[in-house]
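Chemist: Just one file: entry_1.cif, with mmCIF, C-alpha atoms.
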data_protein
#
loop_
_atom_site.label_atom_id
_atom_site.label_comp_id
_atom_site.auth_asym_id
_atom_site.auth_seq_id
_atom_site.Cartn_x
_atom_site.Cartn_y
_atom_site.Cartn_z
CA MET A 1 75.86 162.85 62.22
CA THR A 2 76.16 162.36 65.99
CA TYR A 3 75.11 158.87 67.03
CA ASP A 4 72.66 158.54 69.91
CA PHE A 5 73.96 155.70 72.07
CA ARG A 6 70.92 156.05 74.32
CA ALA A 7 68.62 154.90 71.53
CA LYS A 8 66.86 151.56 72.02
CA ARG A 9 68.10 148.94 69.55
CA LEU A 10 66.46 145.83 68.14
CA PHE A 11 68.03 142.99 66.16
CA VAL A 12 66.01 141.76 63.18
CA GLU A 13 66.66 139.06 60.59
CA ALA A 14 65.17 140.98 57.65
CA ASP A 15 67.17 143.02 55.16
CA LEU A 16 67.36 146.73 55.95
CA ALA A 17 67.14 149.58 53.45
CA ALA A 18 65.34 152.90 53.18
CA GLY A 19 61.59 152.28 53.15
CA ALA A 20 61.84 148.60 54.06
CA GLU A 21 58.98 147.37 56.21
CA ILE A 22 59.61 144.68 58.81
CA ALA A 23 56.98 142.77 60.73
CA ALA A 24 58.06 142.40 64.35
CA ASP A 25 57.62 138.92 65.77
CA ARG A 26 55.44 138.32 68.82
CA ASP A 27 58.18 138.83 71.41
CA GLN A 28 59.52 141.92 69.66
CA ALA A 29 56.04 143.42 69.37
CA ASN A 30 55.47 142.86 73.10
CA TYR A 31 58.80 144.51 73.90
CA LEU A 32 58.13 147.53 71.69
CA LEU A 33 54.49 148.10 72.56
CA ASN A 34 54.17 146.88 76.15
CA VAL A 35 57.66 147.26 77.64
CA LEU A 36 58.90 150.38 75.85
CA ARG A 37 55.29 151.56 75.40
CA LEU A 38 55.93 152.90 71.91
CA GLU A 39 53.03 153.93 69.74
CA ALA A 40 52.62 154.48 66.00
CA GLY A 41 55.34 156.90 64.91
CA GLY A 42 57.64 155.89 67.77
CA SER A 43 61.33 155.50 66.99
CA ILE A 44 63.62 152.47 67.34
CA HIS A 45 67.03 151.57 65.91
CA LEU A 46 67.29 148.33 63.91
CA PHE A 47 70.30 146.22 62.90
CA ASN A 48 70.75 142.77 61.37
CA GLY A 49 74.51 142.24 61.36
CA ARG A 50 74.72 142.94 57.61
CA ASP A 51 73.25 146.31 56.65
CA GLY A 52 74.41 148.66 59.39
CA GLU A 53 72.08 150.37 61.84
CA TRP A 54 68.87 152.12 60.82
CA ARG A 55 66.53 154.52 62.51
CA ALA A 56 63.03 153.13 62.08
CA SER A 57 59.54 154.09 63.11
CA ILE A 58 56.49 152.09 64.04
CA ALA A 59 54.37 152.35 60.91
CA ASP A 60 51.44 150.30 62.20
CA ALA A 61 50.63 148.91 65.62
CA GLY A 62 47.78 146.83 66.93
CA LYS A 63 47.03 144.07 69.41
CA ARG A 64 48.48 141.40 67.13
CA ARG A 65 50.86 143.28 64.86
CA CYS A 66 53.69 145.77 64.80
CA ILE A 67 55.13 146.95 61.49
CA LEU A 68 58.45 148.80 61.48
CA ARG A 69 59.64 151.03 58.63
CA ALA A 70 63.38 151.69 58.14
CA GLU A 71 63.97 155.38 57.42
CA GLU A 72 67.64 156.37 57.67
CA GLN A 73 70.94 154.59 58.18
CA VAL A 74 72.67 155.99 61.26
CA ARG A 75 75.77 153.75 61.21
CA ALA A 76 77.46 151.79 58.44
CA GLN A 77 78.07 148.09 58.96
CA THR A 78 81.29 147.19 60.76
CA PRO A 79 83.18 143.92 60.13
CA LEU A 80 83.70 141.19 62.68
CA ASN A 81 86.91 141.47 64.67
CA ASP A 82 89.47 138.80 63.80
CA LEU A 83 89.65 137.51 67.36
CA HIS A 84 88.20 134.08 68.07
CA TYR A 85 87.20 133.00 71.56
CA LEU A 86 87.46 129.31 72.48
CA PHE A 87 86.09 128.17 75.82
CA ALA A 88 85.12 125.12 77.81
CA PRO A 89 81.33 125.38 78.32
CA LEU A 90 80.08 126.42 81.73
CA LYS A 91 76.71 125.90 83.35
CA HIS A 92 73.69 128.14 82.75
CA ALA A 93 74.01 131.65 84.21
CA ARG A 94 77.80 131.68 84.19
CA LEU A 95 77.86 130.72 80.51
CA ASP A 96 75.27 133.43 79.79
CA TYR A 97 77.50 135.98 81.50
CA MET A 98 80.64 134.83 79.71
CA VAL A 99 79.02 134.92 76.26
CA GLN A 100 77.62 138.40 76.81
CA LYS A 101 80.94 139.77 78.04
CA ALA A 102 82.84 138.19 75.14
CA VAL A 103 80.55 139.99 72.68
CA GLU A 104 81.01 143.27 74.54
CA MET A 105 84.79 142.76 74.44
CA GLY A 106 84.84 142.48 70.66
CA VAL A 107 85.07 138.75 69.96
CA GLY A 108 84.51 137.80 66.32
CA ARG A 109 83.69 134.09 66.78
CA LEU A 110 82.60 131.88 69.68
CA SER A 111 83.81 128.27 69.77
CA PRO A 112 82.82 125.87 72.57
CA VAL A 113 85.61 123.36 73.22
CA ILE A 114 85.31 120.07 75.09
CA THR A 115 88.37 119.35 77.22
CA ALA A 116 89.30 116.57 79.62
CA PHE A 117 87.95 118.46 82.64
CA THR A 118 84.99 120.24 81.02
CA GLN A 119 82.10 120.23 83.48
CA THR A 120 79.34 119.99 80.90
CA SER A 121 79.42 118.81 77.29
CA ARG A 122 75.87 119.90 76.46
CA VAL A 123 75.72 123.33 74.88
CA ASN A 124 72.48 125.18 74.23
CA THR A 125 73.53 127.14 71.16
CA LYS A 126 70.07 128.70 70.82
CA ARG A 127 70.42 130.19 74.31
CA MET A 128 73.94 131.31 73.48
CA GLN A 129 72.67 133.05 70.34
CA ALA A 130 70.02 134.85 72.39
CA ASN A 131 72.74 136.12 74.74
CA VAL A 132 74.89 137.24 71.80
CA ILE A 133 71.99 139.27 70.41
CA GLU A 134 71.07 140.73 73.81
CA ALA A 135 74.64 141.91 74.36
CA ALA A 136 74.80 143.38 70.87
CA GLU A 137 71.51 145.24 71.36
CA GLN A 138 72.60 146.72 74.67
CA CYS A 139 76.15 147.69 73.76
CA GLY A 140 75.94 149.12 70.25
CA VAL A 141 77.57 146.10 68.57
CA LEU A 142 76.73 145.78 64.85
CA ALA A 143 78.58 142.60 63.80
CA ILE A 144 77.08 139.42 65.27
CA PRO A 145 79.75 136.77 66.03
CA PRO A 146 78.86 133.26 64.82
CA ILE A 147 78.78 130.32 67.21
CA ASP A 148 80.54 127.11 66.25
CA ALA A 149 79.31 123.63 67.14
CA PRO A 150 81.16 122.17 70.14
CA ARG A 151 84.34 120.26 69.29
CA LYS A 152 86.86 118.25 71.25
CA LEU A 153 90.11 120.10 71.90
CA THR A 154 92.12 117.33 70.26
CA GLU A 155 90.08 117.59 67.07
CA LEU A 156 90.35 121.37 67.04
CA LEU A 157 94.12 121.34 67.40
CA ALA A 158 94.53 118.70 64.70
CA SER A 159 92.81 120.93 62.13
CA TRP A 160 94.07 124.30 63.39
CA ASP A 161 95.09 126.98 60.89
CA THR A 162 98.68 127.64 61.98
CA GLY A 163 98.46 131.16 60.57
CA ARG A 164 96.28 132.07 63.56
CA ARG A 165 98.07 132.56 66.87
CA LEU A 166 96.43 130.54 69.67
CA ILE A 167 96.80 132.02 73.16
CA PHE A 168 95.74 129.77 76.00
CA CYS A 169 95.42 130.77 79.62
CA ASP A 170 97.65 128.54 81.71
CA GLU A 171 98.27 128.88 85.43
CA ALA A 172 101.56 127.04 84.86
CA ALA A 173 102.84 129.45 82.20
CA PRO A 174 106.59 130.12 82.57
CA ALA A 175 106.22 133.92 82.44
CA ALA A 176 104.16 135.26 85.35
CA SER A 177 103.56 138.63 83.68
CA PRO A 178 100.88 138.65 80.95
CA ALA A 179 102.24 141.99 79.71
CA GLU A 180 105.65 140.42 79.17
CA THR A 181 104.14 137.54 77.18
CA LEU A 182 101.74 139.54 75.01
CA GLY A 183 104.23 142.34 74.45
CA GLN A 184 106.34 139.93 72.42
CA LEU A 185 103.51 139.05 70.01
CA SER A 186 102.67 140.90 66.82
CA ARG A 187 99.18 141.82 65.70
CA GLY A 188 97.43 139.40 63.38
CA PRO A 189 94.80 136.65 63.39
CA ALA A 190 94.49 135.36 66.94
CA ALA A 191 92.37 133.15 69.16
CA LEU A 192 92.05 132.97 72.93
CA LEU A 193 91.42 129.67 74.70
CA ILE A 194 90.03 129.50 78.26
CA GLY A 195 89.87 126.08 79.88
CA PRO A 196 87.43 124.72 82.47
CA GLU A 197 87.56 125.25 86.23
CA GLY A 198 89.96 122.33 86.62
CA GLY A 199 92.34 123.69 84.02
CA PHE A 200 93.94 121.60 81.29
CA SER A 201 95.15 118.04 81.71
CA ASP A 202 98.88 117.35 81.50
CA ALA A 203 98.39 115.74 78.09
CA GLU A 204 96.43 118.73 76.80
CA ARG A 205 99.02 121.19 78.10
CA ASP A 206 101.87 119.20 76.53
CA ASP A 207 100.02 119.06 73.21
CA LEU A 208 99.41 122.82 73.24
CA LEU A 209 102.95 123.76 74.24
CA ALA A 210 104.45 121.55 71.55
CA ARG A 211 102.90 123.70 68.81
CA PRO A 212 104.92 126.73 67.60
CA HIS A 213 101.81 128.84 66.96
CA VAL A 214 100.60 128.46 70.57
CA THR A 215 101.41 130.88 73.41
CA ALA A 216 100.78 130.14 77.10
CA LEU A 217 99.46 133.13 79.04
CA SER A 218 99.50 133.60 82.79
CA LEU A 219 96.80 135.77 84.36
CA GLY A 220 98.89 136.55 87.40
CA PRO A 221 99.18 135.17 90.93
CA ARG A 222 95.47 134.51 91.53
CA ILE A 223 93.34 131.59 90.36
CA LEU A 224 90.31 133.01 88.56
CA ARG A 225 86.99 131.43 87.78
CA ALA A 226 86.57 130.71 84.09
CA ASP A 227 84.07 133.50 83.47
CA THR A 228 86.28 136.02 85.30
CA ALA A 229 89.35 134.78 83.43
CA ALA A 230 87.53 135.35 80.14
CA VAL A 231 87.02 139.06 80.80
CA ALA A 232 90.54 139.56 82.17
CA ALA A 233 92.22 137.70 79.29
CA LEU A 234 90.16 139.37 76.56
CA ALA A 235 90.99 142.80 77.99
CA LEU A 236 94.70 141.93 77.94
CA VAL A 237 94.65 140.52 74.41
CA GLN A 238 92.68 143.48 73.06
CA SER A 239 95.08 145.88 74.76
CA PHE A 240 98.30 144.36 73.42
CA ILE A 241 97.45 142.82 70.04
CA GLY A 242 93.80 143.69 69.43
CA ASP A 243 91.69 146.73 68.59
CA TRP A 244 92.43 148.55 71.87
CA ARG A 245 96.05 148.96 70.89
#
Rewrite the coordinates I just gave you, this time as structure tokens.

Modeler:
Amino acid sequence: MTYDFRAKRLFVEADLAAGAEIAADRDQANYLLNVLRLEAGGSIHLFNGRDGEWRASIADAGKRRCILRAEEQVRAQTPLNDLHYLFAPLKHARLDYMVQKAVEMGVGRLSPVITAFTQTSRVNTKRMQANVIEAAEQCGVLAIPPIDAPRKLTELLASWDTGRRLIFCDEAAPAASPAETLGQLSRGPAALLIGPEGGFSDAERDDLLARPHVTALSLGPRILRADTAAVAALALVQSFIGDWR
């Protein structure tokens, strides 16, 4: 079966199976009926992060209700990628952008990390979740990456699973070429850490570099904003040791 990537997609919490009926919530009903202007019998693709993607139709529509009926699975569920993304939280729109791009780039887990120079320690995880779902709906993603509660970098490193390679972006990395650094690593469980705009403190950098499972990665001769660095670094990691290889 040829998949239609132009199809409109909607994330739902309910279980999906042939014949299952799902009541759209108020916002979803408004989107389906007033934005997309679908009527009874109209088609939409549904996914929940567990049961794959299903072609569904609007079984019943009214001013205050919209019932969807799952008809046929069009894609089997895919697993989460084993690439974790750790980042110092940014403010508002830039954090929205970074979360969306991380999902598009195939991240399997999102972990806010509080560092010495983090600009904001307050993280709106509900807003982050909304951005995760929006990116998944728009880009054909089936597996929804979970979002961890914010943790201090020191606490995270103290409890780190040393079987997972931790790659952190460091403007002071000894090797200027990211290809040279990543080309020496083997595939396996990995995590990428992006610091705040001010970078890592000397103490944080020393702590990271002292650990044998940690690799410092340069992003080249330019200083990038954190949200730009996220996209650049994820593309590099996916290309050398991830699912683009």

Chemist: Quick one: which residues end up in the PyMOL selection byres ((chain A and resi 108) around 8) for this structure, as JSON, numbers by chain?

Modeler: {"A": [80, 81, 82, 83, 84, 85, 103, 106, 107, 109, 110, 144, 145, 146]}

Chemist: Okay, now the selection with C-alpha atoms, as an mmCIF file, in the frame of the given file?

Modeler:
data_model
loop_
_atom_site.group_PDB
_atom_site.id
_atom_site.type_symbol
_atom_site.label_atom_id
_atom_site.label_comp_id
_atom_site.auth_asym_id
_atom_site.auth_seq_id
_atom_site.Cartn_x
_atom_site.Cartn_y
_atom_site.Cartn_z
ATOM 1 C CA LEU A 80 83.700 141.190 62.680
ATOM 2 C CA ASN A 81 86.910 141.470 64.670
ATOM 3 C CA ASP A 82 89.470 138.800 63.800
ATOM 4 C CA LEU A 83 89.650 137.510 67.360
ATOM 5 C CA HIS A 84 88.200 134.080 68.070
ATOM 6 C CA TYR A 85 87.200 133.000 71.560
ATOM 7 C CA VAL A 103 80.550 139.990 72.680
ATOM 8 C CA GLY A 106 84.840 142.480 70.660
ATOM 9 C CA VAL A 107 85.070 138.750 69.960
ATOM 10 C CA ARG A 109 83.690 134.090 66.780
ATOM 11 C CA LEU A 110 82.600 131.880 69.680
ATOM 12 C CA ILE A 144 77.080 139.420 65.270
ATOM 13 C CA PRO A 145 79.750 136.770 66.030
ATOM 14 C CA PRO A 146 78.860 133.260 64.820
#

Chemist: Using all atoms listed in the file, which residues sit within 8 Å of Ala173 of chain A once same-chain residues fewer than 6 positions away are excluded, as a list in words?

Modeler: Ala216, Leu217 and Ser218 of chain A

Chemist: Show me, as a VMD selection string, the residues that have an atom within 7 Å of Leu10 of chain A when counting all atoms listed in the file, minus same-chain residues fewer than 5 positions from it.

Modeler: chain A and resid 45 to 47 137

Chemist: Could you tell me which of A:Cys66, A:Leu192, A:Ala136, A:Leu153 comes closest to Glu53 of chain A if we count all atoms listed in the file?

Modeler: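 Comparing A:Cys66, A:Leu192, A:Ala136, A:Leu153 against Glu53 of chain A, the winner is A:Ala136.
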
Chemist: Grab the atom CA of Asp15 of chain A to atom CA of Pro150 of chain A distance for me, in Å with one decimal place.

Modeler: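 One can read the atom CA of Asp15 of chain A to atom CA of Pro150 of chain A distance as 29.2 Å.
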
Chemist: Using all atoms listed in the file, which protein or nucleic acid residues come within 10 Å of Asp51 of chain A? Drop anything in the same chain fewer than 2 positions from it, and give the result as a PyMOL selection string.

Modeler: chain A and resi 14-17+46-49+53-54+73+75-78+142-143

Chemist: Taking C-alpha atoms for each residue, export the selection above as a tab-separated table (two decimals), in the coordinates of the input.

Modeler:
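Output (result10.tsv):
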chain	number	residue	atom	x	y	z
A	14	ALA	CA	65.17	140.98	57.65
A	15	ASP	CA	67.17	143.02	55.16
A	16	LEU	CA	67.36	146.73	55.95
A	17	ALA	CA	67.14	149.58	53.45
A	46	LEU	CA	67.29	148.33	63.91
A	47	PHE	CA	70.30	146.22	62.90
A	48	ASN	CA	70.75	142.77	61.37
A	49	GLY	CA	74.51	142.24	61.36
A	53	GLU	CA	72.08	150.37	61.84
A	54	TRP	CA	68.87	152.12	60.82
A	73	GLN	CA	70.94	154.59	58.18
A	75	ARG	CA	75.77	153.75	61.21
A	76	ALA	CA	77.46	151.79	58.44
A	77	GLN	CA	78.07	148.09	58.96
A	78	THR	CA	81.29	147.19	60.76
A	142	LEU	CA	76.73	145.78	64.85
A	143	ALA	CA	78.58	142.60	63.80

Chemist: Tell me, as a list in words, which residues lie within 12 Å of Ala24 of chain A, counting all atoms listed in the file; anything in the same chain fewer than 5 positions away does not count.

Modeler: Leu10, Phe11, Val12, Glu13, Ala14, Ala29, Asn30, Tyr31, Leu32, Leu33, Ile44, Leu46, Ser57, Ile58, Ala59, Asp60, Ala61, Gly62, Arg64, Arg65, Cys66, Ile67, Leu68 and Arg69 of chain A

Chemist: Grab the atom CA of Thr215 of chain A to atom CA of Asp161 of chain A distance for me, in Å with one decimal place.

Modeler: 14.6 Å

Chemist: Can you tell me, as a list in words, what residues are no more than 8 Å from segment 178-189 of chain A when counting all atoms listed in the file, ignoring any on the same chain fewer than 6 positions away?

Modeler: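 Counting all atoms listed in the file, the residues come to Asp82, Leu83, Gly163, Arg164, Arg165, Leu217, Ser218, Leu219, Gly220, Leu236, Val237, Phe240, Ile241 and Gly242 of chain A.
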
Chemist: Assuming 6 Å of padding per side, give the centre and edge lengths of the axis-aligned box around every listed atom of segment 229-236 of chain A, in Å to one decimal and as lines of an AutoDock Vina configuration file.

Modeler:
center_x = 90.9
center_y = 138.8
center_z = 80.0
size_x = 19.7
size_y = 20.0
size_z = 18.9

Chemist: Report as JSON, numbers by chain the full result of the PyMOL selection byres ((chain A and resi 113) around 10) when it is applied to this structure.

Modeler: {"A": [85, 86, 87, 88, 89, 110, 111, 112, 114, 115, 118, 121, 148, 149, 150, 151, 152, 153, 154, 155, 156, 193, 194, 195, 196]}

Chemist: Can you tell me how far atom CA of Ala102 of chain A sits from atom CA of Ser201 of chain A, in Å to one decimal?

Modeler: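 Between atom CA of Ala102 of chain A and atom CA of Ser201 of chain A the gap works out to 24.5 Å.
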
Chemist: For Thr125 of chain A, which residue among A:Leu234, A:Gly140, A:His92, A:Val74 is the nearest when counting only C-alpha atoms?

Modeler: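 Smallest distance to Thr125 of chain A is found for A:His92.
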
Chemist: Check the smallest atom-to-atom distance from each of A:Ala135, A:Cys169, A:Ala7, A:Ala70 to Leu208 of chain A using only C-alpha atoms, then report the winner.

Modeler: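 Among the listed residues, A:Cys169 lies closest to Leu208 of chain A.
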
Chemist: Which of these residues is nearest to Ala203 of chain A, using only C-alpha atoms: A:Ile22, A:Ile167, A:Ala116, A:Ala176?

Modeler: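 Answer, going by the shortest atom-to-atom distance: A:Ala116.
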
Chemist: Carefully work through the PyMOL selection byres ((chain A and resi 213) around 7) for this structure and note down the residues it includes, as a list in words.

Modeler: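 With the shown file as input, the PyMOL selection byres ((chain A and resi 213) around 7) matches Thr162, Arg165, Leu166, Arg211, Pro212, Val214 and Thr215 of chain A.
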
Chemist: With distances taken over all atoms listed in the file, which residue among A:Leu209, A:Val231, A:Val35, A:Ala20 lies nearest Leu157 of chain A?

Modeler: A:Leu209

Chemist: Complete the atoms of segment 75-92 of chain A to N, CA and C atoms and put them out as a PDB file, in the frame of the given file.

Modeler:
ATOM      1  N   ARG A  75      74.402 154.266  61.139  1.00  0.00           N
ATOM      2  CA  ARG A  75      75.770 153.750  61.210  1.00  0.00           C
ATOM      3  C   ARG A  75      75.975 152.710  60.120  1.00  0.00           C
ATOM      4  N   ALA A  76      77.119 152.793  59.444  1.00  0.00           N
ATOM      5  CA  ALA A  76      77.460 151.790  58.440  1.00  0.00           C
ATOM      6  C   ALA A  76      77.853 150.489  59.132  1.00  0.00           C
ATOM      7  N   GLN A  77      77.721 149.390  58.408  1.00  0.00           N
ATOM      8  CA  GLN A  77      78.070 148.090  58.960  1.00  0.00           C
ATOM      9  C   GLN A  77      79.569 148.008  59.256  1.00  0.00           C
ATOM     10  N   THR A  78      79.900 147.438  60.399  1.00  0.00           N
ATOM     11  CA  THR A  78      81.290 147.190  60.760  1.00  0.00           C
ATOM     12  C   THR A  78      81.583 145.701  60.606  1.00  0.00           C
ATOM     13  N   PRO A  79      82.844 145.341  60.277  1.00  0.00           N
ATOM     14  CA  PRO A  79      83.180 143.920  60.130  1.00  0.00           C
ATOM     15  C   PRO A  79      83.392 143.263  61.478  1.00  0.00           C
ATOM     16  N   LEU A  80      83.365 141.935  61.475  1.00  0.00           N
ATOM     17  CA  LEU A  80      83.700 141.190  62.680  1.00  0.00           C
ATOM     18  C   LEU A  80      85.180 141.347  62.996  1.00  0.00           C
ATOM     19  N   ASN A  81      85.504 141.457  64.261  1.00  0.00           N
ATOM     20  CA  ASN A  81      86.910 141.470  64.670  1.00  0.00           C
ATOM     21  C   ASN A  81      87.519 140.092  64.444  1.00  0.00           C
ATOM     22  N   ASP A  82      88.801 140.068  64.081  1.00  0.00           N
ATOM     23  CA  ASP A  82      89.470 138.800  63.800  1.00  0.00           C
ATOM     24  C   ASP A  82      90.072 138.206  65.062  1.00  0.00           C
ATOM     25  N   LEU A  83      89.247 138.109  66.095  1.00  0.00           N
ATOM     26  CA  LEU A  83      89.650 137.510  67.360  1.00  0.00           C
ATOM     27  C   LEU A  83      88.636 136.430  67.715  1.00  0.00           C
ATOM     28  N   HIS A  84      89.078 135.193  67.745  1.00  0.00           N
ATOM     29  CA  HIS A  84      88.200 134.080  68.070  1.00  0.00           C
ATOM     30  C   HIS A  84      88.325 133.746  69.556  1.00  0.00           C
ATOM     31  N   TYR A  85      87.208 133.345  70.137  1.00  0.00           N
ATOM     32  CA  TYR A  85      87.200 133.000  71.560  1.00  0.00           C
ATOM     33  C   TYR A  85      86.784 131.548  71.711  1.00  0.00           C
ATOM     34  N   LEU A  86      87.691 130.734  72.247  1.00  0.00           N
ATOM     35  CA  LEU A  86      87.460 129.310  72.480  1.00  0.00           C
ATOM     36  C   LEU A  86      87.324 129.086  73.974  1.00  0.00           C
ATOM     37  N   PHE A  87      86.341 128.307  74.381  1.00  0.00           N
ATOM     38  CA  PHE A  87      86.090 128.170  75.820  1.00  0.00           C
ATOM     39  C   PHE A  87      85.456 126.821  76.124  1.00  0.00           C
ATOM     40  N   ALA A  88      85.790 126.303  77.284  1.00  0.00           N
ATOM     41  CA  ALA A  88      85.120 125.120  77.810  1.00  0.00           C
ATOM     42  C   ALA A  88      83.753 125.562  78.336  1.00  0.00           C
ATOM     43  N   PRO A  89      82.665 124.941  77.896  1.00  0.00           N
ATOM     44  CA  PRO A  89      81.330 125.380  78.320  1.00  0.00           C
ATOM     45  C   PRO A  89      81.151 125.351  79.834  1.00  0.00           C
ATOM     46  N   LEU A  90      80.432 126.346  80.320  1.00  0.00           N
ATOM     47  CA  LEU A  90      80.080 126.420  81.730  1.00  0.00           C
ATOM     48  C   LEU A  90      78.586 126.148  81.883  1.00  0.00           C
ATOM     49  N   LYS A  91      78.103 126.204  83.096  1.00  0.00           N
ATOM     50  CA  LYS A  91      76.710 125.900  83.350  1.00  0.00           C
ATOM     51  C   LYS A  91      75.868 127.186  83.401  1.00  0.00           C
ATOM     52  N   HIS A  92      74.785 127.188  82.661  1.00  0.00           N
ATOM     53  CA  HIS A  92      73.690 128.140  82.750  1.00  0.00           C
ATOM     54  C   HIS A  92      74.111 129.598  82.893  1.00  0.00           C
TER      55      HIS A  92
END
